[in-house]
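Trainee: Provided herewith is a single structure, encoded as structure tokens, for subsequent inquiry.
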Amino acid sequence: MPGIDECLLEAMRVPGARGAALVDWTSGLALGTVGEAPGGDHETTAAEAAELARLAAEHGAFAAEPDGERPPVEDLIVSNRDSYHLLRFVVTSFDSTVFLHLWLARDEGNLALARIRLGEMADRLVLA
Amino acid sequence: MTMVGTPPPLPVRGKEGGQGRTQGALSPMLSRLADERATGVLIREHGTLHLSDGHVVHAESRLAPGLDLLLTAHGPLGTADWQQAGRRTDSLPGAARLLLDAGRLTTGVLELCHLGALFDAGYFALAPSSTPGRFRYGIAPGPAPLRPVPVTALERETVRRRELLHRIWPDPATDSAPLIRADPVAAPPVTSRQRAVLELVDGVRAAPDIARELGRRTFQTLVDVRRLAAAGLVAPGTAPGPSPPPLPQVTDPDIALLKRLRDALEAL
């Protein structure tokens, strides 16, 4: 079963991956990082991504119909001229507020594939 | 209609503060122990840090739920599983390791819960205290540590968490006092996490009690409570709890002093 490091290393095997992190979105703490970060600073990236994730998770506008267990939002996609950012919420039964953040080079990355892979990794990380 | 303000941004350490720059700001003793790569237990007023080779491997505080509670409250483990493992070893990480080896827990779940508990208890352990800390040198705890955290990482995160709470609502009274519900004229909507907290506000429980009851980390509950306070939905009760701990102030004089020293040194 993978731990945090194995999960992040696996994320780096997604085509076009530049960097990945596991971030707590309440506090903005990066629990693990690998590869590059935009601006070279994983800590700042984690805090900024956490802010975005929290807004999306807490504002009703983006939520699916509530079903009790699943979080309201699955993932977030931000695209810019040269890269994609993919933020995937990790669903746990115990108290945790974390997401996986994958930074992809736009010309090498395949967003659809990365989205599927990251979802699988998020599930495997906390497989009971 | 009340508009909900955007939550304050998460604090980001200034670019000028490089790796480890806050070292020594919270507990000079801890920094010294990290430098000498000490192994043992640092006992402070509001919590305990277990060090191995100068890294934090485990933290406990009476204000924060332990690893056992996080794993058993809504987690993959039953209380019986935990008690059985606990009988075979005398430490929480030891019991966790046994469960991991027995296949009752996965590495990912354990690491997430362990880090969650460590940073949570560490936040309280590093709160300003009125009594000096004590360090007991010891041997490294039996099983290999899960994910050791550098002392500087815990210190910087603790400072950042203080700033985050301060930005949400600057009054620390709601962190420790029994909470009462307020009734604003136009109540803003709350998140489901906050609603669960709000439902346990009864004039007796304080934020750490609510966290324990919900099986949640205390710091995350303090965030919810301060946001509820900012929204006018809860307020600190008038009667203080039996043992209200002095809570961290954001304006840490040691940090200011260290920054001045650093600037002076850099200017040389």
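Ligands are numbered from 1 in the order shown, chains are lettered A, B, ... in the order of the structure tokens, and residues start at 1 in each chain.
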Can you tell me, as an MDAnalysis selection string, what residues are no more than 12 Å from stretch 30-35 of chain B when counting only C-alpha atoms, ignoring any on the same chain fewer than 2 positions away?

Mentor: chainID B and resid 20:28 37:44 48:56 122 125:126 132:137 149:155

Trainee: Dump as an NGL selection string the residues of chain A that approach chain B to within 7 Å, counting only C-alpha atoms.

Mentor: :A and (1-4 or 26-28 or 44 or 47 or 51 or 58 or 93-95 or 125-126 or 128)

Trainee: Since we have the selection now, will you write its residues out, keeping N, CA, C and O atoms, as a PDB file, in the first residue's frame?

Mentor:
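Saved the output as selection-v2.pdb:
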ATOM      1  N   MET A   1       0.843  -1.200   0.000  1.00  0.00           N
ATOM      2  CA  MET A   1       0.000   0.000   0.000  1.00  0.00           C
ATOM      3  C   MET A   1       0.878   1.250   0.000  1.00  0.00           C
ATOM      4  O   MET A   1       1.867   1.303   0.726  1.00  0.00           O
ATOM      5  N   PRO A   2       0.535   2.225  -0.804  1.00  0.00           N
ATOM      6  CA  PRO A   2       1.423   3.374  -0.923  1.00  0.00           C
ATOM      7  C   PRO A   2       1.302   4.317   0.261  1.00  0.00           C
ATOM      8  O   PRO A   2       0.234   4.474   0.846  1.00  0.00           O
ATOM      9  N   GLY A   3       2.427   4.931   0.605  1.00  0.00           N
ATOM     10  CA  GLY A   3       2.403   6.030   1.561  1.00  0.00           C
ATOM     11  C   GLY A   3       2.396   7.336   0.772  1.00  0.00           C
ATOM     12  O   GLY A   3       2.255   7.333  -0.457  1.00  0.00           O
ATOM     13  N   ILE A   4       2.584   8.439   1.482  1.00  0.00           N
ATOM     14  CA  ILE A   4       2.525   9.752   0.834  1.00  0.00           C
ATOM     15  C   ILE A   4       3.609   9.880  -0.238  1.00  0.00           C
ATOM     16  O   ILE A   4       3.351  10.315  -1.362  1.00  0.00           O
ATOM     17  N   THR A  26      -7.038  23.198   5.033  1.00  0.00           N
ATOM     18  CA  THR A  26      -7.428  24.103   6.130  1.00  0.00           C
ATOM     19  C   THR A  26      -6.260  24.995   6.512  1.00  0.00           C
ATOM     20  O   THR A  26      -6.421  26.187   6.718  1.00  0.00           O
ATOM     21  N   SER A  27      -5.089  24.404   6.623  1.00  0.00           N
ATOM     22  CA  SER A  27      -3.956  25.182   7.119  1.00  0.00           C
ATOM     23  C   SER A  27      -3.015  25.621   6.003  1.00  0.00           C
ATOM     24  O   SER A  27      -2.227  26.536   6.197  1.00  0.00           O
ATOM     25  N   GLY A  28      -3.076  24.979   4.833  1.00  0.00           N
ATOM     26  CA  GLY A  28      -2.151  25.336   3.761  1.00  0.00           C
ATOM     27  C   GLY A  28      -0.804  24.646   3.886  1.00  0.00           C
ATOM     28  O   GLY A  28       0.147  24.991   3.191  1.00  0.00           O
ATOM     29  N   THR A  44       4.834  28.254  -0.645  1.00  0.00           N
ATOM     30  CA  THR A  44       3.917  29.301  -1.103  1.00  0.00           C
ATOM     31  C   THR A  44       2.866  28.706  -2.025  1.00  0.00           C
ATOM     32  O   THR A  44       1.674  29.034  -1.925  1.00  0.00           O
ATOM     33  N   ALA A  47       0.179  26.979  -0.008  1.00  0.00           N
ATOM     34  CA  ALA A  47      -0.736  27.896   0.684  1.00  0.00           C
ATOM     35  C   ALA A  47      -1.725  28.504  -0.308  1.00  0.00           C
ATOM     36  O   ALA A  47      -2.918  28.635  -0.015  1.00  0.00           O
ATOM     37  N   GLU A  51      -5.900  27.795  -0.635  1.00  0.00           N
ATOM     38  CA  GLU A  51      -6.922  28.843  -0.614  1.00  0.00           C
ATOM     39  C   GLU A  51      -7.970  28.606  -1.700  1.00  0.00           C
ATOM     40  O   GLU A  51      -9.179  28.716  -1.467  1.00  0.00           O
ATOM     41  N   GLU A  58     -16.022  24.996  -0.207  1.00  0.00           N
ATOM     42  CA  GLU A  58     -16.960  25.521   0.785  1.00  0.00           C
ATOM     43  C   GLU A  58     -18.082  26.356   0.192  1.00  0.00           C
ATOM     44  O   GLU A  58     -19.045  26.676   0.880  1.00  0.00           O
ATOM     45  N   SER A  93     -12.531   8.858   5.629  1.00  0.00           N
ATOM     46  CA  SER A  93     -13.583   8.765   6.645  1.00  0.00           C
ATOM     47  C   SER A  93     -13.130   9.498   7.898  1.00  0.00           C
ATOM     48  O   SER A  93     -13.925  10.089   8.606  1.00  0.00           O
ATOM     49  N   PHE A  94     -11.823   9.476   8.162  1.00  0.00           N
ATOM     50  CA  PHE A  94     -11.304  10.152   9.355  1.00  0.00           C
ATOM     51  C   PHE A  94     -11.095  11.630   9.044  1.00  0.00           C
ATOM     52  O   PHE A  94     -11.209  12.056   7.896  1.00  0.00           O
ATOM     53  N   ASP A  95     -10.794  12.410  10.086  1.00  0.00           N
ATOM     54  CA  ASP A  95     -10.678  13.853   9.911  1.00  0.00           C
ATOM     55  C   ASP A  95      -9.411  14.217   9.153  1.00  0.00           C
ATOM     56  O   ASP A  95      -8.310  14.143   9.683  1.00  0.00           O
ATOM     57  N   LEU A 125      -4.379   6.092  -1.959  1.00  0.00           N
ATOM     58  CA  LEU A 125      -3.632   6.605  -0.813  1.00  0.00           C
ATOM     59  C   LEU A 125      -4.338   6.280   0.499  1.00  0.00           C
ATOM     60  O   LEU A 125      -3.695   6.010   1.505  1.00  0.00           O
ATOM     61  N   VAL A 126      -5.657   6.307   0.492  1.00  0.00           N
ATOM     62  CA  VAL A 126      -6.399   6.122   1.749  1.00  0.00           C
ATOM     63  C   VAL A 126      -7.288   4.892   1.710  1.00  0.00           C
ATOM     64  O   VAL A 126      -8.261   4.790   2.442  1.00  0.00           O
ATOM     65  N   ALA A 128      -8.932   1.782   2.615  1.00  0.00           N
ATOM     66  CA  ALA A 128      -9.034   1.169   3.951  1.00  0.00           C
ATOM     67  C   ALA A 128      -8.828  -0.344   3.851  1.00  0.00           C
ATOM     68  O   ALA A 128      -9.047  -0.927   2.812  1.00  0.00           O
TER      69      ALA A 128
END

Trainee: Near A:Arg88, within 9 Å and counting only C-alpha atoms, which residues show up once chain neighbours fewer than 3 positions away are dropped, as a PyMOL selection string?

Mentor: chain A and resi 53+73-77+98-102+115+118-119+122

Trainee: Please measure the separation of atom CA of B:Ala230 and atom CA of B:Trp169, giving the value in Å to one decimal.

Mentor: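 Computing the Euclidean distance for atom CA of B:Ala230 and atom CA of B:Trp169 yields 5.7 Å.
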
Trainee: B:His58, B:Leu261, B:Leu179, B:Ala267: which is nearest B:Leu233, counting only C-alpha atoms?

Mentor: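 Counting only C-alpha atoms, the residue closest to B:Leu233 is B:Leu179.
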
Trainee: With a distance cut-off of 12 Å and only C-alpha atoms, select the neighbouring residues of B:Gln84, excluding the residue or stretch itself and same-chain residues fewer than 4 positions from it, and output the selection as a PyMOL selection string.

Mentor: chain B and resi 68+77-80+88-90+95-96+98-99+102+104

Trainee: Could the residues in this selection be saved with N, CA, C and O atoms as a compact mmCIF listing (two decimals), in the first residue's frame?

Mentor:
# COMPACT_ATOMS: atom_id res chain seq x y z
N ASP B 68 -4.80 7.87 18.28
CA ASP B 68 -5.78 6.80 18.52
C ASP B 68 -7.21 7.30 18.27
O ASP B 68 -8.00 6.63 17.62
N LEU B 77 -10.46 2.06 12.02
CA LEU B 77 -10.23 1.13 13.13
C LEU B 77 -11.34 1.18 14.15
O LEU B 77 -11.92 2.22 14.42
N GLY B 78 -11.61 0.04 14.77
CA GLY B 78 -12.51 0.00 15.92
C GLY B 78 -11.70 0.22 17.18
O GLY B 78 -10.48 0.03 17.18
N THR B 79 -12.37 0.65 18.22
CA THR B 79 -11.66 0.89 19.48
C THR B 79 -11.00 -0.40 19.98
O THR B 79 -9.91 -0.37 20.54
N ALA B 80 -11.66 -1.54 19.73
CA ALA B 80 -11.12 -2.81 20.20
C ALA B 80 -9.77 -3.12 19.54
O ALA B 80 -8.83 -3.56 20.19
N ARG B 88 0.04 -4.31 23.65
CA ARG B 88 1.32 -4.95 23.32
C ARG B 88 2.48 -3.97 23.26
O ARG B 88 3.62 -4.36 23.07
N THR B 89 2.19 -2.69 23.35
CA THR B 89 3.26 -1.71 23.29
C THR B 89 2.85 -0.51 24.13
O THR B 89 1.67 -0.33 24.42
N ASP B 90 3.82 0.30 24.55
CA ASP B 90 3.46 1.39 25.46
C ASP B 90 3.40 2.74 24.76
O ASP B 90 3.21 3.76 25.40
N ALA B 95 1.92 1.27 18.74
CA ALA B 95 0.67 0.57 18.48
C ALA B 95 0.27 0.72 17.02
O ALA B 95 -0.18 -0.23 16.37
N ALA B 96 0.47 1.92 16.48
CA ALA B 96 0.13 2.17 15.09
C ALA B 96 0.96 1.28 14.17
O ALA B 96 0.47 0.72 13.19
N LEU B 98 2.25 -1.59 14.90
CA LEU B 98 1.77 -2.97 14.99
C LEU B 98 0.57 -3.19 14.07
O LEU B 98 0.47 -4.20 13.37
N LEU B 99 -0.35 -2.22 14.09
CA LEU B 99 -1.55 -2.34 13.27
C LEU B 99 -1.21 -2.30 11.78
O LEU B 99 -1.83 -2.95 10.96
N ALA B 102 0.20 -5.59 10.84
CA ALA B 102 -0.84 -6.62 10.82
C ALA B 102 -1.81 -6.42 9.66
O ALA B 102 -2.75 -7.19 9.50
N ARG B 104 -3.94 -3.99 9.35
CA ARG B 104 -5.20 -3.36 9.73
C ARG B 104 -5.26 -1.90 9.28
O ARG B 104 -6.30 -1.29 9.29

Trainee: If you run DSSP on the backbone, which residues of chain A are alpha helix (DSSP H), as an MDAnalysis selection string?

Mentor: chainID A and resid 4:11 42:58 111:125

Trainee: Those residues with N, CA, C and O atoms, as a compact mmCIF listing (two decimals), in the first residue's frame please?

Mentor:
# COMPACT_ATOMS: atom_id res chain seq x y z
N ILE A 4 2.58 8.44 1.48
CA ILE A 4 2.53 9.75 0.83
C ILE A 4 3.61 9.88 -0.24
O ILE A 4 3.35 10.32 -1.36
N ASP A 5 4.83 9.47 0.09
CA ASP A 5 5.93 9.62 -0.86
C ASP A 5 5.72 8.79 -2.13
O ASP A 5 5.93 9.28 -3.24
N GLU A 6 5.28 7.54 -1.93
CA GLU A 6 5.04 6.67 -3.10
C GLU A 6 3.96 7.28 -3.98
O GLU A 6 4.04 7.25 -5.21
N CYS A 7 2.93 7.82 -3.33
CA CYS A 7 1.82 8.41 -4.07
C CYS A 7 2.31 9.60 -4.91
O CYS A 7 1.96 9.75 -6.08
N LEU A 8 3.16 10.43 -4.32
CA LEU A 8 3.66 11.61 -5.05
C LEU A 8 4.59 11.19 -6.18
O LEU A 8 4.58 11.78 -7.27
N LEU A 9 5.41 10.17 -5.92
CA LEU A 9 6.32 9.70 -6.97
C LEU A 9 5.52 9.13 -8.13
O LEU A 9 5.88 9.30 -9.30
N GLU A 10 4.41 8.49 -7.81
CA GLU A 10 3.56 7.95 -8.86
C GLU A 10 2.94 9.09 -9.68
O GLU A 10 2.84 9.02 -10.90
N ALA A 11 2.57 10.15 -8.98
CA ALA A 11 2.00 11.31 -9.67
C ALA A 11 3.02 11.90 -10.66
O ALA A 11 2.65 12.38 -11.74
N HIS A 42 7.65 25.48 -2.96
CA HIS A 42 6.54 24.56 -2.69
C HIS A 42 5.62 25.09 -1.59
O HIS A 42 4.42 24.88 -1.61
N GLU A 43 6.21 25.79 -0.62
CA GLU A 43 5.41 26.22 0.53
C GLU A 43 4.38 27.28 0.14
O GLU A 43 3.21 27.22 0.52
N THR A 44 4.83 28.25 -0.65
CA THR A 44 3.92 29.30 -1.10
C THR A 44 2.87 28.71 -2.03
O THR A 44 1.67 29.03 -1.93
N THR A 45 3.30 27.82 -2.93
CA THR A 45 2.36 27.18 -3.83
C THR A 45 1.28 26.44 -3.06
O THR A 45 0.09 26.52 -3.37
N ALA A 46 1.70 25.72 -2.01
CA ALA A 46 0.74 24.95 -1.22
C ALA A 46 -0.28 25.87 -0.56
O ALA A 46 -1.48 25.60 -0.57
N ALA A 47 0.18 26.98 -0.01
CA ALA A 47 -0.74 27.90 0.68
C ALA A 47 -1.73 28.50 -0.31
O ALA A 47 -2.92 28.63 -0.01
N GLU A 48 -1.23 28.86 -1.50
CA GLU A 48 -2.11 29.49 -2.48
C GLU A 48 -3.10 28.48 -3.07
O GLU A 48 -4.28 28.79 -3.26
N ALA A 49 -2.62 27.27 -3.32
CA ALA A 49 -3.52 26.23 -3.84
C ALA A 49 -4.57 25.87 -2.81
O ALA A 49 -5.73 25.61 -3.14
N ALA A 50 -4.17 25.88 -1.53
CA ALA A 50 -5.10 25.54 -0.45
C ALA A 50 -6.24 26.55 -0.38
O ALA A 50 -7.39 26.19 -0.13
N GLU A 51 -5.90 27.80 -0.64
CA GLU A 51 -6.92 28.84 -0.61
C GLU A 51 -7.97 28.61 -1.70
O GLU A 51 -9.18 28.72 -1.47
N LEU A 52 -7.48 28.27 -2.87
CA LEU A 52 -8.38 28.00 -4.00
C LEU A 52 -9.25 26.77 -3.70
O LEU A 52 -10.46 26.78 -3.92
N ALA A 53 -8.61 25.73 -3.18
CA ALA A 53 -9.32 24.49 -2.89
C ALA A 53 -10.41 24.73 -1.85
O ALA A 53 -11.53 24.24 -1.96
N ARG A 54 -10.09 25.54 -0.85
CA ARG A 54 -11.06 25.78 0.22
C ARG A 54 -12.27 26.57 -0.31
O ARG A 54 -13.41 26.27 0.02
N LEU A 55 -11.99 27.56 -1.13
CA LEU A 55 -13.11 28.32 -1.71
C LEU A 55 -14.03 27.41 -2.49
O LEU A 55 -15.25 27.47 -2.37
N ALA A 56 -13.43 26.54 -3.31
CA ALA A 56 -14.24 25.65 -4.14
C ALA A 56 -15.01 24.65 -3.28
O ALA A 56 -16.16 24.33 -3.56
N ALA A 57 -14.36 24.18 -2.21
CA ALA A 57 -14.98 23.15 -1.39
C ALA A 57 -16.10 23.71 -0.54
O ALA A 57 -17.03 23.00 -0.18
N GLU A 58 -16.02 25.00 -0.21
CA GLU A 58 -16.96 25.52 0.79
C GLU A 58 -18.08 26.36 0.19
O GLU A 58 -19.05 26.68 0.88
N LEU A 111 -4.58 16.23 -20.08
CA LEU A 111 -5.39 16.59 -18.93
C LEU A 111 -6.37 15.47 -18.54
O LEU A 111 -6.52 15.14 -17.37
N ALA A 112 -7.00 14.86 -19.55
CA ALA A 112 -8.00 13.83 -19.26
C ALA A 112 -7.34 12.63 -18.58
O ALA A 112 -7.84 12.11 -17.57
N LEU A 113 -6.19 12.23 -19.11
CA LEU A 113 -5.47 11.09 -18.54
C LEU A 113 -5.02 11.42 -17.12
O LEU A 113 -5.18 10.62 -16.19
N ALA A 114 -4.46 12.62 -16.95
CA ALA A 114 -3.94 13.02 -15.64
C ALA A 114 -5.07 13.04 -14.60
O ALA A 114 -4.88 12.65 -13.45
N ARG A 115 -6.24 13.46 -15.03
CA ARG A 115 -7.37 13.55 -14.12
C ARG A 115 -7.77 12.15 -13.63
O ARG A 115 -8.01 11.94 -12.44
N ILE A 116 -7.80 11.21 -14.55
CA ILE A 116 -8.15 9.84 -14.18
C ILE A 116 -7.09 9.26 -13.24
O ILE A 116 -7.40 8.70 -12.19
N ARG A 117 -5.84 9.43 -13.62
CA ARG A 117 -4.74 8.87 -12.81
C ARG A 117 -4.72 9.46 -11.40
O ARG A 117 -4.56 8.75 -10.41
N LEU A 118 -4.89 10.77 -11.32
CA LEU A 118 -4.81 11.43 -10.01
C LEU A 118 -5.97 10.97 -9.12
O LEU A 118 -5.80 10.79 -7.91
N GLY A 119 -7.13 10.77 -9.73
CA GLY A 119 -8.28 10.27 -8.97
C GLY A 119 -7.99 8.89 -8.40
O GLY A 119 -8.28 8.60 -7.24
N GLU A 120 -7.37 8.04 -9.22
CA GLU A 120 -7.02 6.69 -8.74
C GLU A 120 -6.01 6.76 -7.59
O GLU A 120 -6.12 6.05 -6.61
N MET A 121 -5.03 7.65 -7.75
CA MET A 121 -4.01 7.77 -6.70
C MET A 121 -4.61 8.26 -5.40
O MET A 121 -4.25 7.78 -4.31
N ALA A 122 -5.52 9.23 -5.50
CA ALA A 122 -6.15 9.77 -4.28
C ALA A 122 -6.92 8.67 -3.56
O ALA A 122 -6.90 8.59 -2.33
N ASP A 123 -7.58 7.80 -4.32
CA ASP A 123 -8.32 6.70 -3.70
C ASP A 123 -7.38 5.68 -3.07
O ASP A 123 -7.61 5.21 -1.96
N ARG A 124 -6.31 5.37 -3.80
CA ARG A 124 -5.39 4.33 -3.30
C ARG A 124 -4.65 4.78 -2.04
O ARG A 124 -4.36 3.97 -1.17
N LEU A 125 -4.38 6.09 -1.96
CA LEU A 125 -3.63 6.61 -0.81
C LEU A 125 -4.34 6.28 0.50
O LEU A 125 -3.70 6.01 1.50

Trainee: Quick one: everything within 9 Å of A:Gly35, counting only C-alpha atoms, minus sequence neighbours fewer than 3 positions away in the same chain. Send it as a list in words.

Mentor: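 Skipping anything fewer than 3 positions along the chain leaves Leu9, Met12, Ala17, Arg18, Gly19, Ala20 and Ala21 of chain A.
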
Trainee: Which of these, A:Thr97, A:Asp67, A:Val14, A:Val90, has the shortest distance to A:Leu29 once you count only C-alpha atoms?

Mentor: A:Thr97

Trainee: What does the distance between atom CA of B:His114 and atom CA of B:Gly66 come to in Å, to one decimal place?

Mentor: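 Going from atom CA of B:His114 over to atom CA of B:Gly66 covers 8.8 Å.
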
Trainee: Would you list, as a PyMOL selection string, the residues of chain A that end up in strand (DSSP E) under DSSP run on this structure's backbone?

Mentor: chain A and resi 17-24+30-35+75-79+83-89+98-105

Trainee: Suppose you want the space between atom CA of B:Leu198 and atom CA of A:Leu22; what is it in Å?

Mentor: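 Between atom CA of B:Leu198 and atom CA of A:Leu22 the gap is 28.9 Å.
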